[in-house]
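Here is entry_26.cif, consisting of mmCIF, C-alpha atoms:
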data_run
#
loop_
_atom_site.group_PDB
_atom_site.id
_atom_site.type_symbol
_atom_site.label_atom_id
_atom_site.label_comp_id
_atom_site.auth_asym_id
_atom_site.auth_seq_id
_atom_site.Cartn_x
_atom_site.Cartn_y
_atom_site.Cartn_z
ATOM 1 C CA MET A 1 54.742 82.969 82.226
ATOM 2 C CA ASN A 2 56.335 82.738 78.755
ATOM 3 C CA ILE A 3 54.331 85.054 76.475
ATOM 4 C CA THR A 4 56.147 83.964 73.312
ATOM 5 C CA LEU A 5 55.561 80.281 74.010
ATOM 6 C CA VAL A 6 51.883 80.900 74.801
ATOM 7 C CA PHE A 7 51.482 82.696 71.468
ATOM 8 C CA PHE A 8 53.315 79.945 69.563
ATOM 9 C CA VAL A 9 51.328 77.079 71.124
ATOM 10 C CA SER A 10 48.040 78.921 70.624
ATOM 11 C CA PHE A 11 48.954 79.710 66.997
ATOM 12 C CA LEU A 12 50.072 76.176 66.209
ATOM 13 C CA THR A 13 47.140 74.347 67.838
ATOM 14 C CA THR A 14 44.539 76.615 66.205
ATOM 15 C CA PHE A 15 46.333 76.428 62.855
ATOM 16 C CA LEU A 16 46.349 72.627 62.943
ATOM 17 C CA ALA A 17 42.735 72.492 64.144
ATOM 18 C CA THR A 18 41.657 74.697 61.214
ATOM 19 C CA LEU A 19 43.565 72.744 58.552
ATOM 20 C CA PRO A 20 41.187 69.762 58.219
ATOM 21 C CA PRO A 21 38.414 70.533 55.678
ATOM 22 C CA GLY A 22 35.629 72.389 57.451
ATOM 23 C CA LEU A 23 32.881 74.938 56.936
ATOM 24 C CA LEU A 24 35.063 78.034 57.345
ATOM 25 C CA ASN A 25 38.078 77.053 55.271
ATOM 26 C CA MET A 26 36.029 75.525 52.442
ATOM 27 C CA THR A 27 33.746 78.576 52.327
ATOM 28 C CA ALA A 28 36.761 80.900 52.278
ATOM 29 C CA ALA A 29 38.199 78.921 49.361
ATOM 30 C CA LYS A 30 34.843 78.965 47.569
ATOM 31 C CA ILE A 31 34.460 82.749 47.898
ATOM 32 C CA SER A 32 38.047 83.316 46.768
ATOM 33 C CA LEU A 33 37.477 81.179 43.672
ATOM 34 C CA LYS A 34 34.017 82.462 42.775
ATOM 35 C CA GLU A 35 34.690 86.158 43.405
ATOM 36 C CA ASN A 36 38.289 87.109 44.208
ATOM 37 C CA LEU A 37 41.012 86.740 46.813
ATOM 38 C CA THR A 38 40.220 90.101 48.431
ATOM 39 C CA ARG A 39 36.681 89.037 49.310
ATOM 40 C CA GLY A 40 37.959 85.704 50.523
ATOM 41 C CA ILE A 41 40.334 87.563 52.821
ATOM 42 C CA MET A 42 37.483 89.784 54.047
ATOM 43 C CA PHE A 43 35.447 86.668 54.834
ATOM 44 C CA SER A 44 38.418 85.207 56.713
ATOM 45 C CA LEU A 45 38.942 88.411 58.673
ATOM 46 C CA GLY A 46 35.289 88.356 59.710
ATOM 47 C CA ALA A 47 35.601 84.734 60.804
ATOM 48 C CA CYS A 48 38.779 85.474 62.770
ATOM 49 C CA PHE A 49 37.144 88.500 64.399
ATOM 50 C CA ILE A 50 34.668 86.098 66.027
ATOM 51 C CA ILE A 51 37.474 83.647 66.828
ATOM 52 C CA ILE A 52 39.075 86.417 68.905
ATOM 53 C CA PHE A 53 35.987 86.517 71.120
ATOM 54 C CA GLN A 54 35.684 82.730 71.160
ATOM 55 C CA ALA A 55 39.283 82.400 72.356
ATOM 56 C CA LEU A 56 38.746 85.164 74.892
ATOM 57 C CA ILE A 57 35.621 83.479 76.267
ATOM 58 C CA ALA A 58 37.453 80.161 76.368
ATOM 59 C CA THR A 59 40.367 81.547 78.355
ATOM 60 C CA VAL A 60 38.203 83.520 80.774
ATOM 61 C CA PHE A 61 35.781 80.678 81.408
ATOM 62 C CA ALA A 62 38.127 77.731 80.787
ATOM 63 C CA ARG A 63 37.789 76.215 84.238
ATOM 64 C CA TYR A 64 34.050 76.869 84.339
ATOM 65 C CA LEU A 65 33.439 75.167 80.980
ATOM 66 C CA THR A 66 35.510 72.115 81.800
ATOM 67 C CA ASN A 67 33.764 71.716 85.174
ATOM 68 C CA HIS A 68 30.253 72.083 83.689
ATOM 69 C CA PRO A 69 29.852 69.504 80.903
ATOM 70 C CA ASP A 70 26.123 70.284 80.739
ATOM 71 C CA ILE A 71 26.931 73.559 78.961
ATOM 72 C CA ILE A 72 29.097 71.747 76.431
ATOM 73 C CA GLU A 73 26.199 69.335 75.810
ATOM 74 C CA ILE A 74 23.892 72.256 75.013
ATOM 75 C CA LEU A 75 26.483 73.608 72.584
ATOM 76 C CA ARG A 76 26.665 70.185 70.938
ATOM 77 C CA ILE A 77 22.897 70.030 70.407
ATOM 78 C CA VAL A 78 22.829 73.538 68.930
ATOM 79 C CA ALA A 79 25.750 72.645 66.639
ATOM 80 C CA LEU A 80 24.013 69.423 65.545
ATOM 81 C CA VAL A 81 20.924 71.304 64.356
ATOM 82 C CA ILE A 82 22.920 74.039 62.634
ATOM 83 C CA PHE A 83 25.281 71.722 60.762
ATOM 84 C CA ALA A 84 22.452 69.382 59.737
ATOM 85 C CA LEU A 85 20.585 72.330 58.189
ATOM 86 C CA LEU A 86 23.740 73.602 56.472
ATOM 87 C CA SER A 87 24.396 70.137 55.051
ATOM 88 C CA ILE A 88 20.874 69.971 53.601
ATOM 89 C CA TYR A 89 21.314 73.415 52.074
ATOM 90 C CA PHE A 90 24.653 72.773 50.370
ATOM 91 C CA LEU A 91 23.752 69.257 49.164
ATOM 92 C CA PHE A 92 20.225 69.856 47.884
ATOM 93 C CA ILE A 93 19.519 73.592 47.584
ATOM 94 C CA ALA A 94 22.710 75.521 46.761
ATOM 95 C CA LYS A 95 23.538 73.405 43.704
ATOM 96 C CA SER A 96 20.113 74.053 42.170
ATOM 97 C CA THR A 97 20.539 77.837 42.336
ATOM 98 C CA GLU A 98 24.057 77.925 40.926
ATOM 99 C CA LYS A 99 23.092 78.873 37.357
ATOM 100 C CA GLU A 100 20.823 81.657 38.514
ATOM 101 C CA LYS A 101 23.662 83.305 40.412
ATOM 102 C CA LYS A 102 26.434 82.569 37.957
ATOM 103 C CA ASP A 103 26.706 86.038 36.477
ATOM 104 C CA VAL A 104 25.518 87.983 39.495
ATOM 105 C CA ASP A 105 28.052 89.674 41.760
ATOM 106 C CA VAL A 106 26.244 91.984 44.169
ATOM 107 C CA ARG A 107 27.975 91.194 47.426
ATOM 108 C CA SER A 108 30.389 93.768 48.757
ATOM 109 C CA LYS A 109 33.581 93.155 50.680
ATOM 110 C CA THR A 110 31.792 94.376 53.804
ATOM 111 C CA SER A 111 29.025 91.805 53.403
ATOM 112 C CA ARG A 112 31.648 89.072 53.104
ATOM 113 C CA PHE A 113 33.173 90.258 56.373
ATOM 114 C CA PHE A 114 29.805 89.861 58.108
ATOM 115 C CA HIS A 115 29.276 86.556 56.317
ATOM 116 C CA GLY A 116 32.488 85.323 57.897
ATOM 117 C CA MET A 117 31.376 86.614 61.291
ATOM 118 C CA PHE A 118 28.066 84.757 60.988
ATOM 119 C CA LEU A 119 29.498 81.377 59.988
ATOM 120 C CA SER A 120 32.209 81.614 62.620
ATOM 121 C CA SER A 121 29.687 82.523 65.326
ATOM 122 C CA ILE A 122 27.525 79.447 64.653
ATOM 123 C CA ASN A 123 30.591 77.221 64.819
ATOM 124 C CA VAL A 124 30.638 76.658 68.597
ATOM 125 C CA PHE A 125 33.230 73.869 68.668
ATOM 126 C CA PRO A 126 36.269 76.180 69.045
ATOM 127 C CA ILE A 127 35.136 77.319 72.505
ATOM 128 C CA PRO A 128 35.574 73.977 74.351
ATOM 129 C CA PHE A 129 38.656 73.250 72.216
ATOM 130 C CA GLN A 130 40.294 76.571 73.109
ATOM 131 C CA ALA A 131 39.301 76.062 76.755
ATOM 132 C CA TYR A 132 41.063 72.693 76.775
ATOM 133 C CA VAL A 133 44.240 74.138 75.235
ATOM 134 C CA ALA A 134 44.187 77.071 77.676
ATOM 135 C CA ILE A 135 43.752 74.770 80.677
ATOM 136 C CA SER A 136 46.627 72.611 79.416
ATOM 137 C CA LEU A 137 48.905 75.642 79.135
ATOM 138 C CA ALA A 138 47.873 76.793 82.605
ATOM 139 C CA SER A 139 48.587 73.350 84.064
ATOM 140 C CA PHE A 140 52.185 73.682 82.865
ATOM 141 C CA GLY A 141 52.454 77.144 84.408
ATOM 142 C CA LEU A 142 52.744 78.828 81.015
ATOM 143 C CA LEU A 143 49.479 80.777 81.007
ATOM 144 C CA GLU A 144 47.834 83.003 83.579
ATOM 145 C CA PHE A 145 44.201 83.873 82.971
ATOM 146 C CA HIS A 146 44.585 87.633 82.984
ATOM 147 C CA GLY A 147 46.244 90.542 81.220
ATOM 148 C CA ILE A 148 48.965 89.985 78.691
ATOM 149 C CA GLY A 149 48.800 86.202 78.972
ATOM 150 C CA VAL A 150 45.207 86.088 77.720
ATOM 151 C CA ALA A 151 46.006 88.687 75.020
ATOM 152 C CA SER A 152 48.931 86.601 73.779
ATOM 153 C CA TYR A 153 46.780 83.474 73.638
ATOM 154 C CA VAL A 154 43.925 85.227 71.797
ATOM 155 C CA VAL A 155 46.225 86.840 69.211
ATOM 156 C CA GLY A 156 47.947 83.514 68.620
ATOM 157 C CA ALA A 157 44.624 81.688 68.109
ATOM 158 C CA SER A 158 43.182 84.229 65.675
ATOM 159 C CA SER A 159 46.463 84.450 63.731
ATOM 160 C CA GLY A 160 46.674 80.665 63.449
ATOM 161 C CA ALA A 161 43.101 80.437 62.148
ATOM 162 C CA PHE A 162 43.652 83.179 59.561
ATOM 163 C CA SER A 163 46.877 81.552 58.336
ATOM 164 C CA ALA A 164 45.070 78.249 57.743
ATOM 165 C CA LEU A 165 42.206 79.967 55.912
ATOM 166 C CA TYR A 166 44.664 81.892 53.732
ATOM 167 C CA ILE A 167 46.506 78.692 52.821
ATOM 168 C CA TYR A 168 43.199 77.154 51.702
ATOM 169 C CA MET A 169 42.455 80.133 49.454
ATOM 170 C CA ILE A 170 45.897 80.023 47.867
ATOM 171 C CA PHE A 171 45.782 76.226 47.430
ATOM 172 C CA PHE A 172 42.405 76.210 45.698
ATOM 173 C CA ASP A 173 43.479 79.118 43.507
ATOM 174 C CA LYS A 174 46.334 76.925 42.268
ATOM 175 C CA ILE A 175 43.942 74.106 41.322
ATOM 176 C CA LYS A 176 41.015 76.287 40.173
ATOM 177 C CA ASP A 177 41.039 74.768 36.681
ATOM 178 C CA ARG A 178 40.428 71.287 38.027
ATOM 179 C CA LYS A 179 36.977 69.756 38.431
ATOM 180 C CA ILE A 180 37.193 69.619 42.250
ATOM 181 C CA ALA A 181 37.374 73.422 42.370
ATOM 182 C CA SER A 182 34.124 73.983 40.468
ATOM 183 C CA GLN A 183 31.192 75.715 42.156
ATOM 184 C CA LYS A 184 29.119 72.530 42.217
ATOM 185 C CA SER A 185 31.967 70.449 43.638
ATOM 186 C CA MET A 186 32.657 73.034 46.346
ATOM 187 C CA ASN A 187 28.997 72.977 47.392
ATOM 188 C CA TYR A 188 29.075 69.192 47.590
ATOM 189 C CA LEU A 189 32.307 69.239 49.608
ATOM 190 C CA ILE A 190 30.930 71.756 52.115
ATOM 191 C CA GLY A 191 27.668 69.808 52.361
ATOM 192 C CA LEU A 192 29.491 66.528 52.986
ATOM 193 C CA ILE A 193 31.736 68.138 55.603
ATOM 194 C CA THR A 194 28.859 69.725 57.523
ATOM 195 C CA GLY A 195 26.923 66.455 57.271
ATOM 196 C CA LEU A 196 29.875 64.526 58.664
ATOM 197 C CA VAL A 197 30.249 67.000 61.532
ATOM 198 C CA ALA A 198 26.527 66.638 62.301
ATOM 199 C CA ILE A 199 26.821 62.831 62.357
ATOM 200 C CA VAL A 200 29.891 62.896 64.618
ATOM 201 C CA THR A 201 28.151 65.358 66.924
ATOM 202 C CA LEU A 202 25.032 63.172 67.099
ATOM 203 C CA PHE A 203 27.193 60.128 67.854
ATOM 204 C CA ASN A 204 28.944 61.962 70.710
ATOM 205 C CA ILE A 205 25.619 63.120 72.148
ATOM 206 C CA LEU A 206 24.152 59.591 72.054
ATOM 207 C CA LYS A 207 27.357 58.115 73.483
ATOM 208 C CA ASP A 208 27.159 60.363 76.543
ATOM 209 C CA LEU A 209 23.486 59.638 77.278
#

Please lay out the structure from this file as structure tokens.
Amino acid sequence: MNITLVFFVSFLTTFLATLPPGLLNMTAAKISLKENLTRGIMFSLGACFIIIFQALIATVFARYLTNHPDIIEILRIVALVIFALLSIYFLFIAKSTEKEKKDVDVRSKTSRFFHGMFLSSINVFPIPFQAYVAISLASFGLLEFHGIGVASYVVGASSGAFSALYIYMIFFDKIKDRKIASQKSMNYLIGLITGLVAIVTLFNILKDL
């Protein structure tokens, strides 16, 4: 078992999976722009704290999850409802309350940490994804589902996710004076992303019926 290679593959796959615009990275960028980088980092740390457990669950139950597609279907249905509601919120509700909250800054760094934990915990897609990556590594004899092998995989996954979130915060800080980085635009972007995820999820559910 190559611990270094397990860490690198876990880091790289999670990093690449987190790079496409999604709920976590766009929210991290939004918080960093609206408040400051420190609170964006706290949000990201909270999100990655949950990713640690998601990766751990995926590695421990990788074979079980892949052999029981009914559980994955339940996760899909739950995700569909959650992302549909989030899309409605960001597209039709959040934008209407923007002016009321413009000059209000009452959220602490600790609350942003728990905010990140919450959004990451409702994002159930990483579990089957991490299970697939873990099974692939095991099939090549690189990963054993116990001890230091699992620890290396989990650390790699959480580090990869945090790196992608940090890149988003830095990138949007560079373009913060452009229209796309405005509060209203960020709400629309997050709403469109969650709506797209909900549509794709619904399509996958209907396809498998």

Selection dump of the PyMOL selection byres ((chain A and resi 165-175) around 12), as a ChimeraX atom specification: /A:14-48,116,158-164,176-183,186

Point (53.1, 78.4, 77.5) neighbourhood (7 Å, only C-alpha atoms) written as a ChimeraX atom specification: /A:1-3,5-6,9,137,142-143

Contacts of A:Leu202 within 8 Å, all atoms listed in the file, excl. fewer than 4 positions in-chain, as a ChimeraX atom specification: /A:77,80,198,206

Could those selected residues go to a file with C-alpha atoms, as a short mmCIF file (atom, residue, chain, number, x, y, z; two decimals), in the frame of the given file?
data_model
loop_
_atom_site.label_atom_id
_atom_site.label_comp_id
_atom_site.auth_asym_id
_atom_site.auth_seq_id
_atom_site.Cartn_x
_atom_site.Cartn_y
_atom_site.Cartn_z
CA ILE A 77 22.90 70.03 70.41
CA LEU A 80 24.01 69.42 65.54
CA ALA A 198 26.53 66.64 62.30
CA LEU A 206 24.15 59.59 72.05
#

Residue with smallest distance to A:Phe118 - pool A:Tyr132, A:Phe8, A:Phe49, A:Tyr64, counting only C-alpha atoms: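 Distance minimum relative to A:Phe118 lands on A:Phe49.
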
For atom CA of A:Ala134 and atom CA of A:Ile199, the interatomic separation in Å (one decimal):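 Separation of atom CA of A:Ala134 and atom CA of A:Ile199: 27.2 Å.
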
d(atom CA of A:Ser87, atom CA of A:Ile74) in Å: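 Between these atoms lies a distance of 20.1 Å.
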
Nearest candidate to A:Pro128 (options A:Val81, A:Ala55, A:Val154, A:Tyr89; using all atoms listed in the file):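 Nearest candidate to A:Pro128 out of A:Val81, A:Ala55, A:Val154, A:Tyr89: A:Ala55.
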
Minimum-distance residue to A:Phe53, chosen among A:Pro126, A:Phe140, A:His115, A:Gly147 (using all atoms listed in the file):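 Smallest separation from A:Phe53 among the options: A:Pro126.
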
From A:Val133, A:Leu192, A:Ala58, A:Ala157, residue lying nearest A:Leu85 [only C-alpha atoms]: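 Residue with the minimum atom-to-atom distance to A:Leu85: A:Leu192.
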
Å distance separating atom CA of A:Gln54 from atom CA of A:Arg112, one decimal place: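 Interatomic distance, atom CA of A:Gln54 to atom CA of A:Arg112: 19.6 Å.
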
Hits from the PyMOL selection byres ((chain A and resi 123) around 10), listed as a list in words: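 Listing what the PyMOL selection byres ((chain A and resi 123) around 10) selects in the shown file: Leu23, Leu24, Ala47, Ile50, Ile51, Gln54, Leu75, Val78, Ala79, Ile82, Phe83, Phe118, Leu119, Ser120, Ser121, Ile122, Val124, Phe125, Pro126 and Ile127 of chain A.
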
Proximity to A:Ala151 - best of A:Phe92, A:Phe113, A:Phe7, A:Phe61, all atoms listed in the file: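 Nearest candidate to A:Ala151 out of A:Phe92, A:Phe113, A:Phe7, A:Phe61: A:Phe7.
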
Option closest in space to A:Thr59, from A:Ile88, A:Met117, A:Ala131, A:Ile93 [counting all atoms listed in the file]: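 Among the listed residues, the smallest separation from A:Thr59 belongs to A:Ala131.
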